[in-house]
Amino acid sequence: MTQPNREPSFPFTAIVGQTAMKRALLLNTVNPRIGGVLIRGKKGTAKSTAVRSLAALLPEVTVLQGCPFSCTPEARQGLCQWCESGSNDNPPVSHQVRIVDLPVGASEDRLVGSLDIEQAIKTGSRSFEPGLIASAHRGILYIDEVNLLNDHLVDVLLDASAMGRNYVEREGISVSHAAEFILVGTMNPEEGDLRPQLLDRFGLAVEVDGIMEAEERREVVRRRMAYESDPFDFMDRWQPEEGRERERLIRSRELLDQVSVSDEMLGLITDICAEYQVDGLRGDIVMYKTASTIAAYDGRTEVDVEDVREAAVLALLHRQRRQPFQQPHLVTEQLDNMLEEYQNQSRSREPQDNSQPSSQDHNEEDSDPPDLGDEEQEDTGESGAGPQDQWYETGDPYAVQSILLPPPDRRERPSSGRRATTVSGSSAGRYVGAQVPQGTVSDLALDATLRAAAPHQRRRREDGADASLLIEPWDVREKVRETRTGSLILFVVDASGSMGAQRRMVAVKGAVLSLLLDAYQRRDRVALISFRGTEADLLLPPTNSVDLAQIYLQDMPTGGRTPLSRGLYLALECLETERLKDRKVLPLVVVLSDGRANVALDGSGANAVEEARGYGSIFEEKRITSVVIDTELDFIKLEMARPLAQSMGARYLKLEDLRADSLADAVRRELPVAGEHTATDVSPP
């Protein structure tokens, strides 16, 4: 039976498990001021299903029919013809809460809206084309794979979410409109993480996984098959449960303003944030709002200790201070100890407490958080490894020299990192020049436009025009901006047996880990190639997740001969594949080897060194920026990696010179000592 007025949607209350995710979503629907929720988890964990089901669960909203801003009849924003008229012939209508999907490749104008600057200059009127934020007002803005979204767009989006208002400013012309929406972002941690500054802007965060009991997995399959067999019948069967949850949300919203937080609860919230070393005060504020919302959702008007505990788990997962490559994990034992101590102190302040035995001595209990660092596996001797294979631990990371990357062309690239300076493809970046637009103008260069129009003003006025400033379409110029962008760093690591001499591999892994830290800070993508024996392996294809690269680096075995040609050949193949996907990619190849090649592509040892240098020359021909790091640590050094660097047109560094402090020491040695004068000093007359 067809039902044209209904869209099939899996019921929110029919989702099996994932209690934390559903709870965080519901709390944001009760109180959107919490600031949204970030859902981290691998594929197949019902992230998208839960978000899309939430829209059907929420109470319908009343809007002015046809208004692109979803204005309420009582609060019109005056930005569209329906609102400007002050009345509308069509009566208000009610519809389901709108869910707006933000594509990863969306532009800033598509997100925030655009102003017709040319029209504004000619007529003085503000012509505003609303964007996705306007469409999401009083609804849900959903960003799948938010970690792949341009950082600049994430900044703009989170600003609008936090302020409840969207501001669009172009050349002194400003437009703003209400933007109250529930922000939901989902991401797979294997594809990279958000910057800590952006993570902090999400109100809540939850980790979801696909680990379920056998009966739960069977129930998931049963419900999914029943839904696919007859969606509307399945929805009807769950309608009573959906209705009860909807009524609970309505009551919670009405009760929220009546919830009070005592000074004791406020003190507990701030103490918890201080204990977890949360930077800034956003964590404290979000915990306060979340605890109040939990109390309202549970039908209470006072916040208690359990509300604070749940709020801490949801609000501090992504805010606690952690080391790079350390996965987010809230130490709940530390939280439980704090809450238990608070409750004991509260009981001790009660009048009848003088007869109770003291139970506050927890000196023997270890309340320190467990070490969250990655465990190292040394010489595991895993099955399947060759008899000559060895495993070495990773050396300590350190600050490395800055390796900047000049782009080989003037292509427009997104503002996605801090490795290289490039032409911006958006309105973000530093204004450095102007050009004739190739299409619709989105970033007007007003000064350049006026300069282009100025010589023609006298002639245009002679033609009878009355305007004080006459601008023709061919006068218009748009801005050229420069911004910082990231790159693809391809590590080509020599894992042959020579790396085991003097435990060289420990230092090599430490160097790669240090470069990975630098790549993380500059928002680069990374890939990892290892060559040993007679083969080279792409251990990690290009990814935004430097955490994965660190894991593969840690488990990389060492042993066998040195097929350097094979490693360089595989690097060229990998880069060619990436260029087919994206012509704007900025590659940086980092080769870590002593250059002692002894295996050619055909498996023989003849001419292995010459062959490797021949493949190296291809990098120079293709203008691929590269760095060769000489891993040789022997007393007598052959420096066979230096000719390899010359053939590649690469920068040559010794392993010990990679450290930033080594560069600083070299600079200091070249500087004159205070009080001394160099031969080039010129004394004043």
# chains A, B, ... in the order shown; residues from 1 in each chain; ligands from 1
$ residues_around --residues "stretch 474-482 of chain A" --least-positions-apart "6" --cutoff "6 Å" --atoms "only C-alpha atoms" --output "list in words"
Thr422, Val423, Ser424, Gly429, Arg430, Tyr431, Val432, Gly433, Ala434, Gln435, Val436, Pro437, Asp443, Leu444, Ala445, Thr449, Ala452 and Ala453 of chain A
$ write_last_selection --atoms "C-alpha atoms" --output "compact mmCIF listing (two decimals), in the first residue's frame"
# COMPACT_ATOMS: atom_id res chain seq x y z
CA THR A 422 49.43 28.64 -2.37
CA VAL A 423 46.70 30.51 -4.22
CA SER A 424 43.44 30.19 -2.30
CA GLY A 429 43.46 33.87 2.94
CA ARG A 430 45.55 37.03 2.53
CA TYR A 431 44.58 39.46 -0.22
CA VAL A 432 47.61 39.77 -2.54
CA GLY A 433 46.20 40.90 -5.89
CA ALA A 434 43.24 41.12 -8.23
CA GLN A 435 42.23 39.49 -11.49
CA VAL A 436 39.47 39.53 -14.08
CA PRO A 437 36.86 37.00 -12.92
CA ASP A 443 35.05 37.74 -3.64
CA LEU A 444 34.96 41.27 -5.09
CA ALA A 445 38.14 43.36 -5.11
CA THR A 449 37.23 47.51 -9.45
CA ALA A 452 39.45 49.92 -13.39
CA ALA A 453 36.28 52.06 -13.60
$ residues_around --residues "stretch 493-509 of chain A" --least-positions-apart "5" --cutoff "6 Å" --atoms "only C-alpha atoms" --output "short mmCIF file (atom, residue, chain, number, x, y, z; two decimals) with all heavy atoms, in the first residue's frame"
data_model
loop_
_atom_site.label_atom_id
_atom_site.label_comp_id
_atom_site.auth_asym_id
_atom_site.auth_seq_id
_atom_site.Cartn_x
_atom_site.Cartn_y
_atom_site.Cartn_z
N TYR A 392 62.29 -3.45 16.32
CA TYR A 392 62.93 -2.46 17.18
C TYR A 392 61.88 -1.47 17.68
O TYR A 392 60.91 -1.16 16.97
CB TYR A 392 64.03 -1.71 16.42
CG TYR A 392 65.22 -2.58 16.08
CD1 TYR A 392 65.30 -3.22 14.85
CD2 TYR A 392 66.25 -2.76 16.99
CE1 TYR A 392 66.38 -4.02 14.52
CE2 TYR A 392 67.35 -3.56 16.68
CZ TYR A 392 67.40 -4.19 15.45
OH TYR A 392 68.47 -4.99 15.14
N GLU A 393 62.12 -0.98 18.88
CA GLU A 393 61.19 0.01 19.43
C GLU A 393 61.38 1.34 18.71
O GLU A 393 62.34 1.54 17.97
CB GLU A 393 61.41 0.18 20.93
CG GLU A 393 62.72 0.85 21.33
CD GLU A 393 63.88 -0.12 21.42
OE1 GLU A 393 63.75 -1.27 20.92
OE2 GLU A 393 64.93 0.26 22.00
N THR A 394 60.47 2.24 18.94
CA THR A 394 60.52 3.57 18.32
C THR A 394 61.25 4.53 19.24
O THR A 394 60.96 4.61 20.44
CB THR A 394 59.10 4.10 18.05
OG1 THR A 394 58.41 3.16 17.22
CG2 THR A 394 59.14 5.45 17.35
N GLY A 395 62.22 5.25 18.69
CA GLY A 395 62.96 6.23 19.48
C GLY A 395 62.08 7.40 19.90
O GLY A 395 60.99 7.61 19.37
N SER A 530 57.68 0.79 2.98
CA SER A 530 58.85 0.11 3.56
C SER A 530 59.45 -0.81 2.50
O SER A 530 58.72 -1.50 1.79
CB SER A 530 58.42 -0.68 4.80
OG SER A 530 59.44 -1.57 5.21
N PHE A 531 60.78 -0.81 2.39
CA PHE A 531 61.42 -1.74 1.44
C PHE A 531 62.51 -2.52 2.16
O PHE A 531 63.30 -1.99 2.93
CB PHE A 531 61.96 -1.00 0.21
CG PHE A 531 63.00 0.05 0.49
CD1 PHE A 531 64.36 -0.27 0.48
CD2 PHE A 531 62.63 1.36 0.73
CE1 PHE A 531 65.33 0.69 0.71
CE2 PHE A 531 63.59 2.34 0.98
CZ PHE A 531 64.94 2.01 0.97
N ARG A 532 62.52 -3.84 1.89
CA ARG A 532 63.52 -4.75 2.47
C ARG A 532 63.45 -6.06 1.70
O ARG A 532 62.47 -6.35 1.00
CB ARG A 532 63.25 -4.99 3.95
CG ARG A 532 61.97 -5.71 4.25
CD ARG A 532 61.62 -5.68 5.73
NE ARG A 532 60.42 -6.48 5.99
CZ ARG A 532 60.43 -7.75 6.41
NH1 ARG A 532 61.59 -8.35 6.64
NH2 ARG A 532 59.31 -8.40 6.61
N THR A 558 62.45 -5.41 10.55
CA THR A 558 63.72 -5.04 9.93
C THR A 558 64.48 -6.31 9.57
O THR A 558 64.55 -7.24 10.37
CB THR A 558 64.56 -4.18 10.89
OG1 THR A 558 63.82 -3.04 11.26
CG2 THR A 558 65.87 -3.76 10.24
N GLY A 559 65.07 -6.35 8.37
CA GLY A 559 65.89 -7.49 7.98
C GLY A 559 65.95 -7.66 6.48
O GLY A 559 65.11 -7.15 5.73
N GLY A 560 66.98 -8.38 5.98
CA GLY A 560 67.09 -8.67 4.57
C GLY A 560 67.96 -7.67 3.83
O GLY A 560 68.64 -6.83 4.41
N ARG A 561 67.90 -7.74 2.50
CA ARG A 561 68.73 -6.90 1.63
C ARG A 561 68.04 -5.55 1.39
O ARG A 561 67.02 -5.25 2.00
CB ARG A 561 69.01 -7.64 0.34
CG ARG A 561 69.76 -8.96 0.58
CD ARG A 561 69.61 -9.91 -0.60
NE ARG A 561 70.35 -9.48 -1.77
CZ ARG A 561 70.25 -10.04 -2.97
NH1 ARG A 561 69.41 -11.06 -3.14
NH2 ARG A 561 70.95 -9.60 -4.00
N THR A 562 68.63 -4.74 0.47
CA THR A 562 68.18 -3.36 0.29
C THR A 562 67.70 -3.12 -1.14
O THR A 562 68.49 -2.71 -2.01
CB THR A 562 69.31 -2.37 0.62
OG1 THR A 562 69.90 -2.73 1.87
CG2 THR A 562 68.79 -0.95 0.69
N LEU A 592 64.33 7.72 3.79
CA LEU A 592 65.24 7.47 4.90
C LEU A 592 66.03 6.21 4.60
O LEU A 592 65.51 5.09 4.67
CB LEU A 592 64.48 7.33 6.22
CG LEU A 592 63.76 8.59 6.71
CD1 LEU A 592 62.28 8.53 6.35
CD2 LEU A 592 63.92 8.75 8.23
N SER A 593 67.30 6.36 4.23
CA SER A 593 68.12 5.22 3.83
C SER A 593 69.59 5.62 3.88
O SER A 593 69.93 6.81 3.86
CB SER A 593 67.74 4.77 2.41
OG SER A 593 68.60 3.74 1.95
#
$ select_by_dssp --residues "stretch 506-641 of chain A" --states "strand (DSSP E)" --output "PyMOL selection string"
chain A and resi 525-532+535-543+587-593+625-630
$ closest_residue --among "A:Val104, A:Val492, A:Phe181, A:Glu191" --to "A:Leu153" --atoms "only C-alpha atoms"
A:Val104
$ residues_around --residues "A:Gly614" --least-positions-apart "4" --cutoff "12 Å" --atoms "only C-alpha atoms" --output "number ranges by chain"
A: 564-566, 568-569, 600, 607-610, 618-621, 643-649
$ write_last_selection --atoms "N, CA, C and O atoms" --output "short mmCIF file (atom, residue, chain, number, x, y, z; two decimals), in the first residue's frame"
data_model
loop_
_atom_site.label_atom_id
_atom_site.label_comp_id
_atom_site.auth_asym_id
_atom_site.auth_seq_id
_atom_site.Cartn_x
_atom_site.Cartn_y
_atom_site.Cartn_z
N LEU A 564 66.40 -0.68 -2.94
CA LEU A 564 66.10 0.75 -2.99
C LEU A 564 65.31 1.12 -4.24
O LEU A 564 64.39 1.95 -4.19
N SER A 565 65.67 0.53 -5.37
CA SER A 565 64.95 0.82 -6.62
C SER A 565 63.48 0.48 -6.50
O SER A 565 62.61 1.23 -6.98
N ARG A 566 63.19 -0.65 -5.86
CA ARG A 566 61.81 -1.07 -5.70
C ARG A 566 61.03 -0.05 -4.85
O ARG A 566 59.88 0.26 -5.15
N LEU A 568 61.68 3.24 -4.52
CA LEU A 568 61.46 4.46 -5.30
C LEU A 568 60.41 4.25 -6.39
O LEU A 568 59.59 5.14 -6.66
N TYR A 569 60.44 3.08 -7.03
CA TYR A 569 59.47 2.77 -8.08
C TYR A 569 58.04 2.76 -7.51
O TYR A 569 57.11 3.31 -8.11
N ALA A 600 68.46 -5.08 -7.47
CA ALA A 600 67.81 -4.36 -8.55
C ALA A 600 66.37 -4.85 -8.71
O ALA A 600 65.92 -5.78 -8.01
N ASN A 607 74.33 -3.55 -10.78
CA ASN A 607 73.96 -2.16 -11.07
C ASN A 607 72.79 -1.66 -10.21
O ASN A 607 72.00 -0.82 -10.64
N ALA A 608 72.67 -2.16 -9.00
CA ALA A 608 71.55 -1.77 -8.15
C ALA A 608 71.64 -0.30 -7.76
O ALA A 608 70.62 0.41 -7.72
N VAL A 609 72.86 0.17 -7.48
CA VAL A 609 73.03 1.57 -7.07
C VAL A 609 72.72 2.50 -8.23
O VAL A 609 71.99 3.50 -8.08
N GLU A 610 73.26 2.20 -9.44
CA GLU A 610 73.00 3.04 -10.61
C GLU A 610 71.52 3.04 -10.96
O GLU A 610 70.96 4.07 -11.36
N ILE A 618 63.99 10.57 -11.99
CA ILE A 618 62.60 10.78 -12.42
C ILE A 618 61.89 11.75 -11.48
O ILE A 618 61.05 12.55 -11.91
N PHE A 619 62.24 11.70 -10.19
CA PHE A 619 61.64 12.63 -9.23
C PHE A 619 61.99 14.07 -9.61
O PHE A 619 61.14 14.96 -9.52
N GLU A 620 63.25 14.30 -10.05
CA GLU A 620 63.64 15.65 -10.45
C GLU A 620 62.94 16.06 -11.74
O GLU A 620 62.51 17.21 -11.88
N GLU A 621 62.80 15.13 -12.69
CA GLU A 621 62.13 15.44 -13.95
C GLU A 621 60.67 15.82 -13.72
O GLU A 621 60.14 16.72 -14.37
N PRO A 643 74.79 11.05 -3.22
CA PRO A 643 74.56 11.02 -4.67
C PRO A 643 73.10 10.72 -5.03
O PRO A 643 72.61 11.21 -6.06
N LEU A 644 72.42 9.92 -4.20
CA LEU A 644 71.01 9.66 -4.45
C LEU A 644 70.21 10.96 -4.35
O LEU A 644 69.34 11.24 -5.19
N ALA A 645 70.51 11.77 -3.33
CA ALA A 645 69.82 13.05 -3.18
C ALA A 645 70.10 13.97 -4.36
O ALA A 645 69.20 14.67 -4.85
N GLN A 646 71.34 13.95 -4.86
CA GLN A 646 71.68 14.78 -6.01
C GLN A 646 70.92 14.36 -7.25
O GLN A 646 70.44 15.20 -8.02
N SER A 647 70.77 13.05 -7.46
CA SER A 647 70.03 12.57 -8.63
C SER A 647 68.55 12.92 -8.54
O SER A 647 67.89 13.14 -9.56
N MET A 648 68.00 12.98 -7.33
CA MET A 648 66.58 13.31 -7.13
C MET A 648 66.33 14.81 -7.09
O MET A 648 65.17 15.24 -7.08
N GLY A 649 67.41 15.61 -7.04
CA GLY A 649 67.24 17.04 -6.84
C GLY A 649 66.67 17.32 -5.46
O GLY A 649 65.92 18.28 -5.28
#
$ closest_residue --among "A:Gln320, A:Ser94, A:Thr13, A:Gln277" --to "A:Glu241" --atoms "only C-alpha atoms"
A:Thr13
$ residues_around --residues "A:Ala274" --least-positions-apart "6" --cutoff "10 Å" --atoms "only C-alpha atoms" --output "PyMOL selection string"
chain A and resi 268+280-281+283-284+320
$ select_by_dssp --residues "stretch 455-550 of chain A" --states "helix (DSSP H, G or I)" --output "PyMOL selection string"
chain A and resi 455-462+473-475+497-521+546-550
$ residues_around --residues "stretch 255-257 of chain A" --least-positions-apart "5" --cutoff "10 Å" --atoms "only C-alpha atoms" --output "list in words"
Val30, Asn31, Leu249, Ile250, Lys289, Ser292, Thr293, Ile294, Ala295, Ala296, Tyr297, Asp298, Gly299, Arg300 and Thr301 of chain A
$ residues_around --residues "A:Leu58" --least-positions-apart "4" --cutoff "8 Å" --atoms "only C-alpha atoms" --output "short mmCIF file (atom, residue, chain, number, x, y, z; two decimals) with N, CA and C atoms, in the first residue's frame"
data_model
loop_
_atom_site.label_atom_id
_atom_site.label_comp_id
_atom_site.auth_asym_id
_atom_site.auth_seq_id
_atom_site.Cartn_x
_atom_site.Cartn_y
_atom_site.Cartn_z
N THR A 29 18.62 17.88 21.31
CA THR A 29 17.30 18.29 20.83
C THR A 29 16.54 19.03 21.93
N LEU A 54 16.44 10.88 13.81
CA LEU A 54 16.13 11.89 14.81
C LEU A 54 15.16 12.94 14.27
N GLN A 96 7.83 18.50 9.17
CA GLN A 96 8.85 17.78 9.92
C GLN A 96 10.12 18.60 10.00
N VAL A 97 10.84 18.45 11.08
CA VAL A 97 12.12 19.15 11.24
C VAL A 97 13.03 18.80 10.06
N ARG A 246 8.66 11.42 21.94
CA ARG A 246 8.39 12.79 21.49
C ARG A 246 7.75 13.62 22.61
N LEU A 249 10.35 14.62 25.12
CA LEU A 249 11.18 15.74 24.67
C LEU A 249 10.46 17.07 24.87
#
$ atom_distance --atom1 "atom CA of A:Val63" --atom2 "atom CA of A:Thr186"
28.4 Å
$ atom_distance --atom1 "atom CA of A:Val206" --atom2 "atom CA of A:Phe12"
17.3 Å
$ residues_around --residues "A:Ile529" --least-positions-apart "6" --cutoff "8 Å" --atoms "only C-alpha atoms" --output "number ranges by chain"
A: 490-493, 536-540, 567, 570-571
$ write_last_selection --atoms "all heavy atoms" --output "PDB file, in the first residue's frame"
ATOM      1  N   LEU A 490      55.016  11.347   1.675  1.00  0.00           N
ATOM      2  CA  LEU A 490      55.208   9.923   1.429  1.00  0.00           C
ATOM      3  C   LEU A 490      56.551   9.500   2.028  1.00  0.00           C
ATOM      4  O   LEU A 490      57.611   9.899   1.536  1.00  0.00           O
ATOM      5  CB  LEU A 490      55.171   9.646  -0.074  1.00  0.00           C
ATOM      6  CG  LEU A 490      55.384   8.205  -0.526  1.00  0.00           C
ATOM      7  CD1 LEU A 490      54.390   7.267   0.137  1.00  0.00           C
ATOM      8  CD2 LEU A 490      55.282   8.102  -2.035  1.00  0.00           C
ATOM      9  N   PHE A 491      56.506   8.720   3.088  1.00  0.00           N
ATOM     10  CA  PHE A 491      57.720   8.224   3.732  1.00  0.00           C
ATOM     11  C   PHE A 491      58.163   6.932   3.051  1.00  0.00           C
ATOM     12  O   PHE A 491      57.380   5.980   2.949  1.00  0.00           O
ATOM     13  CB  PHE A 491      57.470   7.971   5.216  1.00  0.00           C
ATOM     14  CG  PHE A 491      57.197   9.209   6.011  1.00  0.00           C
ATOM     15  CD1 PHE A 491      55.897   9.603   6.298  1.00  0.00           C
ATOM     16  CD2 PHE A 491      58.237   9.999   6.476  1.00  0.00           C
ATOM     17  CE1 PHE A 491      55.635  10.744   7.022  1.00  0.00           C
ATOM     18  CE2 PHE A 491      57.985  11.149   7.209  1.00  0.00           C
ATOM     19  CZ  PHE A 491      56.687  11.528   7.478  1.00  0.00           C
ATOM     20  N   VAL A 492      59.401   6.905   2.595  1.00  0.00           N
ATOM     21  CA  VAL A 492      59.992   5.710   1.989  1.00  0.00           C
ATOM     22  C   VAL A 492      61.126   5.275   2.913  1.00  0.00           C
ATOM     23  O   VAL A 492      62.193   5.893   2.936  1.00  0.00           O
ATOM     24  CB  VAL A 492      60.508   6.000   0.561  1.00  0.00           C
ATOM     25  CG1 VAL A 492      61.021   4.717  -0.083  1.00  0.00           C
ATOM     26  CG2 VAL A 492      59.404   6.623  -0.291  1.00  0.00           C
ATOM     27  N   VAL A 493      60.888   4.211   3.679  1.00  0.00           N
ATOM     28  CA  VAL A 493      61.777   3.851   4.784  1.00  0.00           C
ATOM     29  C   VAL A 493      62.559   2.588   4.449  1.00  0.00           C
ATOM     30  O   VAL A 493      61.975   1.551   4.073  1.00  0.00           O
ATOM     31  CB  VAL A 493      60.979   3.641   6.087  1.00  0.00           C
ATOM     32  CG1 VAL A 493      61.913   3.308   7.238  1.00  0.00           C
ATOM     33  CG2 VAL A 493      60.164   4.890   6.413  1.00  0.00           C
ATOM     34  N   ALA A 536      59.092  -4.044  -1.953  1.00  0.00           N
ATOM     35  CA  ALA A 536      58.673  -2.825  -1.258  1.00  0.00           C
ATOM     36  C   ALA A 536      57.174  -2.915  -1.033  1.00  0.00           C
ATOM     37  O   ALA A 536      56.436  -3.404  -1.896  1.00  0.00           O
ATOM     38  CB  ALA A 536      59.016  -1.585  -2.079  1.00  0.00           C
ATOM     39  N   ASP A 537      56.709  -2.481   0.119  1.00  0.00           N
ATOM     40  CA  ASP A 537      55.296  -2.592   0.477  1.00  0.00           C
ATOM     41  C   ASP A 537      54.739  -1.225   0.835  1.00  0.00           C
ATOM     42  O   ASP A 537      55.365  -0.454   1.573  1.00  0.00           O
ATOM     43  CB  ASP A 537      55.115  -3.535   1.676  1.00  0.00           C
ATOM     44  CG  ASP A 537      55.577  -4.951   1.367  1.00  0.00           C
ATOM     45  OD1 ASP A 537      55.185  -5.472   0.311  1.00  0.00           O
ATOM     46  OD2 ASP A 537      56.341  -5.518   2.178  1.00  0.00           O
ATOM     47  N   LEU A 538      53.535  -0.957   0.310  1.00  0.00           N
ATOM     48  CA  LEU A 538      52.799   0.238   0.712  1.00  0.00           C
ATOM     49  C   LEU A 538      52.046  -0.114   1.990  1.00  0.00           C
ATOM     50  O   LEU A 538      50.926  -0.612   1.956  1.00  0.00           O
ATOM     51  CB  LEU A 538      51.834   0.681  -0.399  1.00  0.00           C
ATOM     52  CG  LEU A 538      50.995   1.935  -0.118  1.00  0.00           C
ATOM     53  CD1 LEU A 538      51.887   3.149   0.108  1.00  0.00           C
ATOM     54  CD2 LEU A 538      50.017   2.190  -1.258  1.00  0.00           C
ATOM     55  N   LEU A 539      52.688   0.126   3.125  1.00  0.00           N
ATOM     56  CA  LEU A 539      52.092  -0.256   4.405  1.00  0.00           C
ATOM     57  C   LEU A 539      50.839   0.552   4.704  1.00  0.00           C
ATOM     58  O   LEU A 539      49.869   0.031   5.264  1.00  0.00           O
ATOM     59  CB  LEU A 539      53.111  -0.061   5.536  1.00  0.00           C
ATOM     60  CG  LEU A 539      54.406  -0.875   5.434  1.00  0.00           C
ATOM     61  CD1 LEU A 539      55.294  -0.588   6.645  1.00  0.00           C
ATOM     62  CD2 LEU A 539      54.110  -2.364   5.335  1.00  0.00           C
ATOM     63  N   LEU A 540      50.858   1.822   4.327  1.00  0.00           N
ATOM     64  CA  LEU A 540      49.717   2.695   4.609  1.00  0.00           C
ATOM     65  C   LEU A 540      49.468   3.587   3.404  1.00  0.00           C
ATOM     66  O   LEU A 540      50.287   4.434   3.077  1.00  0.00           O
ATOM     67  CB  LEU A 540      50.001   3.558   5.848  1.00  0.00           C
ATOM     68  CG  LEU A 540      48.881   4.521   6.253  1.00  0.00           C
ATOM     69  CD1 LEU A 540      47.655   3.744   6.721  1.00  0.00           C
ATOM     70  CD2 LEU A 540      49.349   5.476   7.339  1.00  0.00           C
ATOM     71  N   GLY A 567      61.651   0.487  -3.794  1.00  0.00           N
ATOM     72  CA  GLY A 567      60.981   1.475  -2.964  1.00  0.00           C
ATOM     73  C   GLY A 567      60.688   2.758  -3.724  1.00  0.00           C
ATOM     74  O   GLY A 567      59.591   3.328  -3.616  1.00  0.00           O
ATOM     75  N   LEU A 570      57.875   2.148  -6.340  1.00  0.00           N
ATOM     76  CA  LEU A 570      56.553   2.102  -5.718  1.00  0.00           C
ATOM     77  C   LEU A 570      56.104   3.507  -5.311  1.00  0.00           C
ATOM     78  O   LEU A 570      54.907   3.836  -5.408  1.00  0.00           O
ATOM     79  CB  LEU A 570      56.583   1.181  -4.494  1.00  0.00           C
ATOM     80  CG  LEU A 570      55.251   0.971  -3.768  1.00  0.00           C
ATOM     81  CD1 LEU A 570      54.181   0.435  -4.710  1.00  0.00           C
ATOM     82  CD2 LEU A 570      55.433   0.021  -2.583  1.00  0.00           C
ATOM     83  N   ALA A 571      57.040   4.354  -4.876  1.00  0.00           N
ATOM     84  CA  ALA A 571      56.689   5.734  -4.521  1.00  0.00           C
ATOM     85  C   ALA A 571      56.177   6.489  -5.742  1.00  0.00           C
ATOM     86  O   ALA A 571      55.189   7.232  -5.666  1.00  0.00           O
ATOM     87  CB  ALA A 571      57.899   6.440  -3.918  1.00  0.00           C
TER      88      ALA A 571
END
